[in-house]
file model-v9.cif (mmCIF, C-alpha atoms and all ligand atoms)
data_input
#
loop_
_atom_site.group_PDB
_atom_site.id
_atom_site.type_symbol
_atom_site.label_atom_id
_atom_site.label_comp_id
_atom_site.auth_asym_id
_atom_site.auth_seq_id
_atom_site.Cartn_x
_atom_site.Cartn_y
_atom_site.Cartn_z
ATOM 1 C CA MET D 1 2.862 -11.642 23.951
ATOM 2 C CA ASN D 2 -0.741 -10.723 24.664
ATOM 3 C CA THR D 3 -3.167 -13.616 24.221
ATOM 4 C CA GLN D 4 -6.268 -11.733 25.395
ATOM 5 C CA LEU D 5 -6.702 -9.101 22.715
ATOM 6 C CA PRO D 6 -7.571 -10.065 19.137
ATOM 7 C CA SER D 7 -4.817 -9.924 16.528
ATOM 8 C CA PHE D 8 -5.069 -7.595 13.540
ATOM 9 C CA LEU D 9 -4.319 -8.548 9.959
ATOM 10 C CA ILE D 10 -3.406 -5.341 8.128
ATOM 11 C CA THR D 11 -2.929 -5.210 4.354
ATOM 12 C CA GLY D 12 -0.681 -2.586 2.814
ATOM 13 C CA ALA D 13 1.275 -2.369 6.062
ATOM 14 C CA SER D 14 4.685 -1.660 4.538
ATOM 15 C CA SER D 15 4.112 2.105 4.158
ATOM 16 C CA GLY D 16 1.704 5.001 4.589
ATOM 17 C CA ILE D 17 -1.630 4.530 6.314
ATOM 18 C CA GLY D 18 -1.198 0.778 6.865
ATOM 19 C CA ALA D 19 2.185 1.187 8.572
ATOM 20 C CA VAL D 20 0.686 3.757 10.961
ATOM 21 C CA TYR D 21 -2.264 1.460 11.712
ATOM 22 C CA ALA D 22 0.282 -1.245 12.570
ATOM 23 C CA ASP D 23 2.147 1.134 14.881
ATOM 24 C CA ARG D 24 -1.011 2.288 16.666
ATOM 25 C CA PHE D 25 -2.472 -1.198 17.195
ATOM 26 C CA ALA D 26 0.867 -2.579 18.386
ATOM 27 C CA ARG D 27 0.964 0.226 20.968
ATOM 28 C CA ARG D 28 -2.501 -0.858 22.106
ATOM 29 C CA GLY D 29 -1.070 -4.338 22.727
ATOM 30 C CA HIS D 30 -2.499 -6.221 19.730
ATOM 31 C CA ASN D 31 -0.490 -8.864 17.927
ATOM 32 C CA LEU D 32 -0.233 -8.258 14.204
ATOM 33 C CA VAL D 33 -0.052 -9.982 10.838
ATOM 34 C CA LEU D 34 1.372 -7.577 8.273
ATOM 35 C CA VAL D 35 0.713 -8.015 4.544
ATOM 36 C CA ALA D 36 2.283 -6.227 1.555
ATOM 37 C CA ARG D 37 4.678 -7.116 -1.267
ATOM 38 C CA ASP D 38 7.877 -5.627 0.148
ATOM 39 C CA ARG D 39 9.203 -8.230 2.585
ATOM 40 C CA ALA D 40 12.200 -6.141 3.682
ATOM 41 C CA ARG D 41 10.038 -3.189 4.679
ATOM 42 C CA LEU D 42 7.571 -5.449 6.495
ATOM 43 C CA GLU D 43 10.438 -7.129 8.387
ATOM 44 C CA ALA D 44 11.911 -3.770 9.352
ATOM 45 C CA LEU D 45 8.566 -2.513 10.679
ATOM 46 C CA ALA D 46 7.876 -5.809 12.442
ATOM 47 C CA GLY D 47 11.295 -5.741 14.127
ATOM 48 C CA ARG D 48 10.794 -2.186 15.351
ATOM 49 C CA LEU D 49 7.295 -2.882 16.688
ATOM 50 C CA ARG D 50 8.376 -6.080 18.465
ATOM 51 C CA ALA D 51 11.240 -4.213 20.118
ATOM 52 C CA GLU D 52 9.219 -1.135 21.059
ATOM 53 C CA THR D 53 5.948 -2.749 22.134
ATOM 54 C CA GLY D 54 6.616 -6.436 22.876
ATOM 55 C CA VAL D 55 3.726 -7.663 20.699
ATOM 56 C CA ALA D 56 4.084 -10.593 18.305
ATOM 57 C CA VAL D 57 4.275 -9.507 14.676
ATOM 58 C CA ASP D 58 4.154 -11.926 11.724
ATOM 59 C CA VAL D 59 4.904 -10.825 8.204
ATOM 60 C CA LEU D 60 3.003 -12.340 5.316
ATOM 61 C CA PRO D 61 4.463 -11.002 2.059
ATOM 62 C CA ALA D 62 1.911 -11.212 -0.752
ATOM 63 C CA ASP D 63 0.987 -9.478 -3.978
ATOM 64 C CA LEU D 64 -2.767 -9.089 -3.602
ATOM 65 C CA ALA D 65 -3.149 -8.721 -7.371
ATOM 66 C CA VAL D 66 -1.889 -12.296 -7.794
ATOM 67 C CA ALA D 67 -4.488 -15.006 -7.133
ATOM 68 C CA GLU D 68 -2.099 -17.503 -5.458
ATOM 69 C CA ASP D 69 -0.722 -14.857 -3.091
ATOM 70 C CA LEU D 70 -4.204 -13.600 -2.273
ATOM 71 C CA ALA D 71 -5.277 -17.187 -1.536
ATOM 72 C CA ARG D 72 -2.491 -17.495 1.087
ATOM 73 C CA VAL D 73 -3.803 -14.423 2.901
ATOM 74 C CA GLU D 74 -7.393 -15.701 2.655
ATOM 75 C CA HIS D 75 -6.213 -18.999 4.095
ATOM 76 C CA ARG D 76 -4.617 -17.237 7.063
ATOM 77 C CA LEU D 77 -7.817 -15.269 7.720
ATOM 78 C CA ARG D 78 -9.950 -18.394 7.544
ATOM 79 C CA ASP D 79 -7.750 -20.535 9.759
ATOM 80 C CA ASP D 80 -6.081 -18.296 12.323
ATOM 81 C CA ASP D 81 -8.523 -17.994 15.216
ATOM 82 C CA ARG D 82 -6.440 -15.324 16.874
ATOM 83 C CA ILE D 83 -7.202 -12.803 14.116
ATOM 84 C CA GLY D 84 -10.265 -10.824 15.156
ATOM 85 C CA ILE D 85 -9.845 -7.683 13.052
ATOM 86 C CA LEU D 86 -9.099 -7.258 9.350
ATOM 87 C CA VAL D 87 -7.820 -3.908 8.102
ATOM 88 C CA ASN D 88 -8.397 -3.873 4.342
ATOM 89 C CA ASN D 89 -6.036 -0.995 3.661
ATOM 90 C CA ALA D 90 -3.873 -1.958 0.664
ATOM 91 C CA GLY D 91 -4.833 0.100 -2.351
ATOM 92 C CA ILE D 92 -3.358 1.617 -5.464
ATOM 93 C CA ALA D 93 -4.110 4.413 -7.890
ATOM 94 C CA ALA D 94 -3.267 4.080 -11.571
ATOM 95 C CA PRO D 95 -1.529 6.873 -13.477
ATOM 96 C CA GLY D 96 -3.639 8.998 -15.805
ATOM 97 C CA THR D 97 -7.346 9.439 -16.418
ATOM 98 C CA PHE D 98 -9.736 6.802 -17.739
ATOM 99 C CA ALA D 99 -9.145 7.929 -21.320
ATOM 100 C CA ASP D 100 -5.370 7.604 -21.191
ATOM 101 C CA ALA D 101 -4.797 4.821 -18.623
ATOM 102 C CA ALA D 102 -3.302 1.511 -19.718
ATOM 103 C CA ILE D 103 -6.015 -1.111 -19.299
ATOM 104 C CA ASP D 104 -3.602 -3.527 -17.603
ATOM 105 C CA SER D 105 -2.906 -1.031 -14.837
ATOM 106 C CA VAL D 106 -6.650 -0.434 -14.464
ATOM 107 C CA ASP D 107 -7.194 -4.173 -14.219
ATOM 108 C CA ARG D 108 -4.497 -4.432 -11.564
ATOM 109 C CA LEU D 109 -6.139 -1.603 -9.609
ATOM 110 C CA ILE D 110 -9.443 -3.487 -9.625
ATOM 111 C CA ARG D 111 -7.737 -6.674 -8.425
ATOM 112 C CA VAL D 112 -6.125 -4.873 -5.454
ATOM 113 C CA ASN D 113 -8.818 -2.310 -4.571
ATOM 114 C CA VAL D 114 -11.914 -4.403 -5.273
ATOM 115 C CA THR D 115 -11.249 -8.136 -5.650
ATOM 116 C CA ALA D 116 -8.759 -8.494 -2.799
ATOM 117 C CA VAL D 117 -10.855 -6.371 -0.429
ATOM 118 C CA THR D 118 -13.895 -8.521 -1.183
ATOM 119 C CA ARG D 119 -12.153 -11.893 -0.997
ATOM 120 C CA LEU D 120 -10.375 -11.047 2.263
ATOM 121 C CA ALA D 121 -13.628 -9.908 3.867
ATOM 122 C CA ALA D 122 -15.296 -13.086 2.601
ATOM 123 C CA ALA D 123 -12.510 -15.175 4.146
ATOM 124 C CA ALA D 124 -12.844 -13.525 7.557
ATOM 125 C CA VAL D 125 -16.610 -13.088 7.896
ATOM 126 C CA PRO D 126 -17.776 -16.712 8.421
ATOM 127 C CA ARG D 127 -15.372 -17.130 11.357
ATOM 128 C CA PHE D 128 -16.339 -13.739 12.811
ATOM 129 C CA VAL D 129 -20.057 -14.563 12.489
ATOM 130 C CA ALA D 130 -19.569 -17.982 14.075
ATOM 131 C CA ARG D 131 -17.814 -16.326 16.995
ATOM 132 C CA GLY D 132 -20.329 -13.499 17.206
ATOM 133 C CA GLU D 133 -17.548 -10.902 17.158
ATOM 134 C CA GLY D 134 -14.974 -9.365 14.868
ATOM 135 C CA ALA D 135 -14.310 -6.182 12.949
ATOM 136 C CA ILE D 136 -13.404 -5.140 9.424
ATOM 137 C CA VAL D 137 -11.908 -1.745 8.631
ATOM 138 C CA ASN D 138 -12.147 -0.911 4.927
ATOM 139 C CA VAL D 139 -10.058 2.041 3.750
ATOM 140 C CA ALA D 140 -12.064 3.737 0.997
ATOM 141 C CA SER D 141 -11.630 7.407 0.027
ATOM 142 C CA VAL D 142 -13.630 10.623 -0.174
ATOM 143 C CA LEU D 143 -13.394 10.047 -3.929
ATOM 144 C CA ALA D 144 -16.098 7.420 -3.380
ATOM 145 C CA LEU D 145 -18.340 10.496 -3.078
ATOM 146 C CA VAL D 146 -16.726 12.595 -5.807
ATOM 147 C CA PRO D 147 -16.533 10.572 -9.028
ATOM 148 C CA GLU D 148 -16.044 13.794 -10.985
ATOM 149 C CA VAL D 149 -12.389 13.924 -9.904
ATOM 150 C CA SER D 150 -10.527 12.421 -12.847
ATOM 151 C CA LEU D 151 -8.480 9.646 -11.329
ATOM 152 C CA GLY D 152 -9.739 6.992 -13.719
ATOM 153 C CA VAL D 153 -11.452 4.044 -12.023
ATOM 154 C CA TYR D 154 -9.891 4.813 -8.628
ATOM 155 C CA GLY D 155 -13.002 6.679 -7.395
ATOM 156 C CA ALA D 156 -15.269 3.910 -8.679
ATOM 157 C CA SER D 157 -13.203 1.290 -6.842
ATOM 158 C CA LYS D 158 -13.538 3.295 -3.627
ATOM 159 C CA ALA D 159 -17.302 3.726 -4.179
ATOM 160 C CA PHE D 160 -17.386 -0.072 -4.317
ATOM 161 C CA VAL D 161 -15.522 -0.274 -1.002
ATOM 162 C CA LEU D 162 -17.927 2.188 0.627
ATOM 163 C CA SER D 163 -20.985 0.394 -0.749
ATOM 164 C CA LEU D 164 -19.616 -3.021 0.244
ATOM 165 C CA SER D 165 -18.964 -1.714 3.749
ATOM 166 C CA GLN D 166 -22.502 -0.365 4.055
ATOM 167 C CA GLY D 167 -23.933 -3.636 2.777
ATOM 168 C CA LEU D 168 -21.857 -5.617 5.273
ATOM 169 C CA GLN D 169 -22.913 -3.288 8.084
ATOM 170 C CA ALA D 170 -26.552 -3.972 7.264
ATOM 171 C CA GLU D 171 -25.984 -7.731 6.994
ATOM 172 C CA LEU D 172 -23.585 -8.309 9.865
ATOM 173 C CA GLY D 173 -24.153 -5.512 12.365
ATOM 174 C CA GLY D 174 -26.766 -7.536 14.248
ATOM 175 C CA ARG D 175 -24.459 -10.555 14.349
ATOM 176 C CA GLY D 176 -21.644 -8.999 16.332
ATOM 177 C CA VAL D 177 -19.429 -7.939 13.435
ATOM 178 C CA TYR D 178 -18.472 -4.265 13.231
ATOM 179 C CA VAL D 179 -17.595 -2.848 9.810
ATOM 180 C CA GLN D 180 -16.035 0.602 9.415
ATOM 181 C CA ALA D 181 -15.488 2.459 6.144
ATOM 182 C CA VAL D 182 -12.731 5.071 6.424
ATOM 183 C CA LEU D 183 -12.737 7.863 3.840
ATOM 184 C CA PRO D 184 -9.458 9.792 3.814
ATOM 185 C CA ALA D 185 -8.949 12.751 1.500
ATOM 186 C CA ALA D 186 -5.451 13.646 0.264
ATOM 187 C CA THR D 187 -2.987 12.219 2.768
ATOM 188 C CA ARG D 188 0.800 12.475 2.549
ATOM 189 C CA THR D 189 1.851 8.935 1.568
ATOM 190 C CA GLU D 190 3.642 7.210 -1.287
ATOM 191 C CA ILE D 191 0.447 6.507 -3.237
ATOM 192 C CA TRP D 192 0.777 9.837 -5.030
ATOM 193 C CA GLU D 193 4.314 9.299 -6.269
ATOM 194 C CA ARG D 194 3.547 5.664 -7.093
ATOM 195 C CA SER D 195 0.748 6.828 -9.406
ATOM 196 C CA GLU D 196 2.896 9.571 -10.949
ATOM 197 C CA ARG D 197 1.120 12.444 -9.211
ATOM 198 C CA ASP D 198 2.620 15.386 -7.354
ATOM 199 C CA ILE D 199 1.069 15.775 -3.904
ATOM 200 C CA ASP D 200 2.739 19.169 -3.524
ATOM 201 C CA LYS D 201 0.322 20.532 -6.124
ATOM 202 C CA LEU D 202 -2.624 19.756 -3.824
ATOM 203 C CA GLN D 203 -4.192 21.865 -1.094
ATOM 204 C CA GLY D 204 -5.426 20.471 2.200
ATOM 205 C CA VAL D 205 -3.104 17.495 2.509
ATOM 206 C CA MET D 206 -3.360 15.660 5.844
ATOM 207 C CA GLU D 207 -0.369 14.058 7.554
ATOM 208 C CA VAL D 208 -0.715 10.297 7.817
ATOM 209 C CA GLY D 209 -0.464 10.091 11.624
ATOM 210 C CA GLU D 210 -3.309 12.572 12.057
ATOM 211 C CA LEU D 211 -5.439 10.660 9.532
ATOM 212 C CA VAL D 212 -5.027 7.311 11.275
ATOM 213 C CA ASP D 213 -5.498 8.724 14.779
ATOM 214 C CA ALA D 214 -8.764 10.327 13.649
ATOM 215 C CA ALA D 215 -9.885 7.084 11.996
ATOM 216 C CA LEU D 216 -9.192 5.311 15.294
ATOM 217 C CA VAL D 217 -11.480 7.724 17.153
ATOM 218 C CA GLY D 218 -14.213 6.622 14.725
ATOM 219 C CA PHE D 219 -13.235 2.962 15.220
ATOM 220 C CA ASP D 220 -13.436 3.240 19.001
ATOM 221 C CA ARG D 221 -16.887 4.853 18.672
ATOM 222 C CA ARG D 222 -17.979 2.026 16.357
ATOM 223 C CA GLU D 223 -18.808 4.602 13.707
ATOM 224 C CA ALA D 224 -19.990 3.151 10.381
ATOM 225 C CA VAL D 225 -18.443 5.750 8.085
ATOM 226 C CA THR D 226 -15.500 7.848 9.225
ATOM 227 C CA ILE D 227 -14.482 10.887 7.172
ATOM 228 C CA PRO D 228 -11.560 12.454 9.077
ATOM 229 C CA PRO D 229 -11.302 15.730 7.107
ATOM 230 C CA LEU D 230 -15.058 16.508 7.099
ATOM 231 C CA ALA D 231 -15.644 19.260 9.677
ATOM 232 C CA ASP D 232 -19.447 19.116 9.701
ATOM 233 C CA ALA D 233 -20.658 15.547 10.298
ATOM 234 C CA ALA D 234 -24.226 16.719 9.628
ATOM 235 C CA GLN D 235 -23.344 17.036 5.933
ATOM 236 C CA TRP D 236 -22.638 13.320 5.672
ATOM 237 C CA ASP D 237 -25.736 12.507 7.735
ATOM 238 C CA ALA D 238 -27.886 14.595 5.359
ATOM 239 C CA LEU D 239 -26.445 12.882 2.281
ATOM 240 C CA ASP D 240 -26.997 9.454 3.792
ATOM 241 C CA ALA D 241 -30.542 10.348 4.875
ATOM 242 C CA SER D 242 -31.469 11.617 1.406
ATOM 243 C CA ARG D 243 -30.120 8.400 -0.149
ATOM 244 C CA LYS D 244 -32.209 6.337 2.255
ATOM 245 C CA ALA D 245 -35.279 8.511 1.525
ATOM 246 C CA LEU D 246 -35.151 7.274 -2.086
ATOM 247 C CA LEU D 247 -35.691 3.708 -0.982
ATOM 248 C CA PRO D 248 -39.517 3.594 -0.675
ATOM 249 C CA ASN D 249 -39.787 5.170 -4.145
ATOM 250 C CA LEU D 250 -37.463 2.859 -6.076
ATOM 251 C CA PHE D 251 -39.511 -0.334 -6.313
ATOM 252 C CA ASN D 252 -42.465 0.201 -8.630
ATOM 253 C CA ALA D 253 -44.021 -2.162 -11.143
ATOM 254 C CA HIS D 254 -44.377 0.608 -13.702
ATOM 255 C CA ALA D 255 -42.003 3.120 -15.224
ATOM 256 C CA ALA D 256 -42.259 6.694 -14.048
ATOM 257 C CA GLN D 257 -44.553 8.910 -16.085
ATOM 258 C CA ARG D 258 -41.617 10.747 -17.689
ATOM 259 C CA TYR D 259 -40.388 7.482 -19.288
ATOM 260 C CA ARG D 260 -43.705 6.477 -20.814
ATOM 261 C CA ALA D 261 -43.752 6.804 -24.581
ATOM 262 C CA ALA D 262 -45.960 9.647 -25.724
ATOM 263 C CA GLY D 263 -49.194 8.600 -27.467
HETATM 264 P P1 LIG N 301 0.897 3.786 0.115
HETATM 265 O O1 LIG N 301 1.855 4.431 1.069
HETATM 266 O O2 LIG N 301 1.269 3.681 -1.324
HETATM 267 O O3 LIG N 301 0.549 2.371 0.705
HETATM 268 C C1 LIG N 301 -0.065 1.358 -0.046
HETATM 269 C C2 LIG N 301 0.210 0.039 0.626
HETATM 270 O O4 LIG N 301 -0.404 -0.993 -0.143
HETATM 271 C C3 LIG N 301 1.697 -0.276 0.708
HETATM 272 O O5 LIG N 301 1.960 -0.937 1.913
HETATM 273 C C4 LIG N 301 1.907 -1.224 -0.458
HETATM 274 O O6 LIG N 301 3.006 -2.066 -0.147
HETATM 275 C C5 LIG N 301 0.586 -1.958 -0.470
HETATM 276 N N1 LIG N 301 0.303 -2.526 -1.787
HETATM 277 C C6 LIG N 301 0.254 -1.890 -2.977
HETATM 278 N N2 LIG N 301 0.016 -2.774 -3.957
HETATM 279 C C7 LIG N 301 -0.093 -3.986 -3.363
HETATM 280 C C8 LIG N 301 -0.303 -5.293 -3.837
HETATM 281 N N3 LIG N 301 -0.471 -5.545 -5.146
HETATM 282 N N4 LIG N 301 -0.332 -6.310 -2.958
HETATM 283 C C9 LIG N 301 -0.144 -6.081 -1.638
HETATM 284 N N5 LIG N 301 0.060 -4.865 -1.121
HETATM 285 C C10 LIG N 301 0.093 -3.827 -1.978
HETATM 286 O O7 LIG N 301 -0.499 4.541 0.118
HETATM 287 P P2 LIG N 301 -1.563 4.867 1.281
HETATM 288 O O8 LIG N 301 -2.054 6.227 1.006
HETATM 289 O O9 LIG N 301 -1.054 4.527 2.611
HETATM 290 O O10 LIG N 301 -2.727 3.866 0.868
HETATM 291 C C11 LIG N 301 -3.444 3.120 1.818
HETATM 292 C C12 LIG N 301 -4.928 3.155 1.459
HETATM 293 O O11 LIG N 301 -5.427 4.476 1.637
HETATM 294 C C13 LIG N 301 -5.236 2.780 0.002
HETATM 295 O O12 LIG N 301 -6.362 1.936 -0.036
HETATM 296 C C14 LIG N 301 -5.564 4.125 -0.630
HETATM 297 O O13 LIG N 301 -6.398 3.989 -1.740
HETATM 298 C C15 LIG N 301 -6.236 4.819 0.540
HETATM 299 N N6 LIG N 301 -6.307 6.282 0.422
HETATM 300 C C16 LIG N 301 -5.188 7.030 0.385
HETATM 301 C C17 LIG N 301 -5.282 8.405 0.241
HETATM 302 C C18 LIG N 301 -4.071 9.283 0.194
HETATM 303 O O14 LIG N 301 -4.191 10.464 -0.219
HETATM 304 N N7 LIG N 301 -2.913 8.799 0.571
HETATM 305 C C19 LIG N 301 -6.549 9.013 0.160
HETATM 306 C C20 LIG N 301 -7.678 8.217 0.210
HETATM 307 C C21 LIG N 301 -7.558 6.848 0.353
HETATM 308 P P3 LIG N 301 3.979 -2.834 -1.166
HETATM 309 O O15 LIG N 301 4.421 -1.853 -2.188
HETATM 310 O O16 LIG N 301 5.078 -3.321 -0.259
HETATM 311 O O17 LIG N 301 3.160 -3.956 -1.710
#

call {"tool": "encode", "arguments": {"input": "model-v9.cif", "output": "structure tokens"}}
result
Amino acid sequence: MNTQLPSFLITGASSGIGAVYADRFARRGHNLVLVARDRARLEALAGRLRAETGVAVDVLPADLAVAEDLARVEHRLRDDDRIGILVNNAGIAAPGTFADAAIDSVDRLIRVNVTAVTRLAAAAVPRFVARGEGAIVNVASVLALVPEVSLGVYGASKAFVLSLSQGLQAELGGRGVYVQAVLPAATRTEIWERSERDIDKLQGVMEVGELVDAALVGFDRREAVTIPPLADAAQWDALDASRKALLPNLFNAHAAQRYRAAG
């Protein structure tokens, strides 16, 4: 067991992107706390990683849409001094578009993709700030940038994750806490089948190992926003710069001329 490196708490570690994050960080020698609902899958992954890498792996089964379960994970983040990095990866997509989605599944999506991400970051940050170090990886999506794609509130939830990450970067960057937003595009995982979508109908699907390895290059560079499939980084830089250029023009005591009632 390695006591030097910080431990990672990874949500949504039972499959897909989260399970690969667990594999990669175990191979780097970090101890892990794995969170998801499926205890058997978490135990199987934990057993394999302990045997293959020798790190300590705890499993913390929890349904992040359920307040009492979420509170147990928050508690662990608040109290376990060994945890120095939170990977907010668990996320779901709801079947259908906004017009035809069942509101209960939309509500559940918001609890997992928005509320849990926020509460877990809030649980970790005071300890990280007090220590002057720590990191949070928030898995958003390129759909944060493309709300026109009709996946109901999924894109809006990921825009929240991106915006939260950028806000935390501004607030915490000078206090030793690194925050990374990762924006995957279509990646071959179970999320598609779980939300009743056929990934084989999509073009440009990335394999999950390639996605996580690319995200880790961004993590190691302490990049703020990592978009693995985007070939030309200057495109993101230009978008971000034009957003920031709005800032000096947004705070005015009077409405713009075009909104003033005629006569
Ligand atoms: P996935 O294979 O379906 O993994 C989702 C993970 O979240 C699983 O471990 C699942 O485990 C866990 N989870 C789901 N609901 C949960 C709940 N209520 N409480 C606790 N854990 C829960 O999908 P994935 O693609 O790896 O998703 C990981 C992240 O990547 C998500 O945030 C997703 O939005 C984002 N993303 C994915 C894609 C893509 O194309 N795959 C693209 C952009 C962004 P249990 O079922 O055991 O709870």

call {"tool": "closest_residue", "arguments": {"input": "model-v9.cif", "among": "D:Ala186, D:Ala255, D:Val212, D:Leu145", "to": "ligand LIG 301 (chain N)", "atoms": "all atoms listed in the file"}}
result
D:Ala186

call {"tool": "resolve_selection", "arguments": {"input": "model-v9.cif", "expression": "the PyMOL selection byres (((not hetatm)) within 8 of (chain N and resi 301))", "output": "JSON, numbers by chain"}}
result
{"D": [11, 12, 13, 14, 15, 16, 17, 18, 19, 35, 36, 37, 38, 39, 41, 42, 61, 62, 63, 64, 65, 66, 88, 89, 90, 91, 92, 93, 108, 112, 113, 139, 140, 141, 142, 143, 154, 158, 183, 184, 185, 186, 187, 188, 189, 190, 191, 192, 194, 205, 208]}

call {"tool": "atom_distance", "arguments": {"input": "model-v9.cif", "atom1": "atom CA of Glu171 of chain D", "atom2": "atom CA of Arg243 of chain D"}}
result
18.1 Å

call {"tool": "residues_around", "arguments": {"input": "model-v9.cif", "residues": "segment 67-77 of chain D", "least_positions_apart": "5", "cutoff": "6 Å", "atoms": "all atoms listed in the file", "output": "PDB file with C-alpha atoms, in the coordinates of the input"}}
result
ATOM      1  CA  ALA D  62       1.911 -11.212  -0.752  1.00  0.00           C
ATOM      2  CA  LEU D 120     -10.375 -11.047   2.263  1.00  0.00           C
ATOM      3  CA  ALA D 123     -12.510 -15.175   4.146  1.00  0.00           C
ATOM      4  CA  ALA D 124     -12.844 -13.525   7.557  1.00  0.00           C
TER       5      ALA D 124
END

call {"tool": "atom_distance", "arguments": {"input": "model-v9.cif", "atom1": "atom CA of Asp80 of chain D", "atom2": "atom CA of Leu216 of chain D"}}
result
24.0 Å

call {"tool": "resolve_selection", "arguments": {"input": "model-v9.cif", "expression": "the PyMOL selection byres (((chain D and resi 225) around 10) and not hetatm)", "output": "list in words"}}
result
Val137, Asn138, Ala140, Leu162, Ser165, Gln166, Val179, Gln180, Ala181, Val182, Leu183, Ala215, Gly218, Phe219, Arg222, Glu223, Ala224, Thr226, Ile227, Pro228, Trp236 and Asp237 of chain D

call {"tool": "closest_residue", "arguments": {"input": "model-v9.cif", "among": "D:Val117, D:Ala130, D:Asp213, D:Val161", "to": "Ala22 of chain D", "atoms": "only C-alpha atoms"}}
result
D:Asp213

call {"tool": "atom_distance", "arguments": {"input": "model-v9.cif", "atom1": "atom CA of Arg197 of chain D", "atom2": "atom CA of Gly96 of chain D"}}
result
8.8 Å

call {"tool": "closest_residue", "arguments": {"input": "model-v9.cif", "among": "D:Leu211, D:Leu246, D:Val33, D:Val177", "to": "Pro229 of chain D", "atoms": "all atoms listed in the file"}}
result
D:Leu211

call {"tool": "axis_aligned_box", "arguments": {"input": "model-v9.cif", "around": "segment 78-86 of chain D", "padding_each_side": "5 Å", "output": "AutoDock Vina command-line options"}}
result
--center_x -8.2 --center_y -13.9 --center_z 12.2 --size_x 14.2 --size_y 23.3 --size_z 19.3

call {"tool": "residues_around", "arguments": {"input": "model-v9.cif", "residues": "Ser157 of chain D", "least_positions_apart": "6", "cutoff": "8 Å", "atoms": "all atoms listed in the file", "output": "list in words"}}
result
Ile110, Asn113, Val114 and Ala144 of chain D
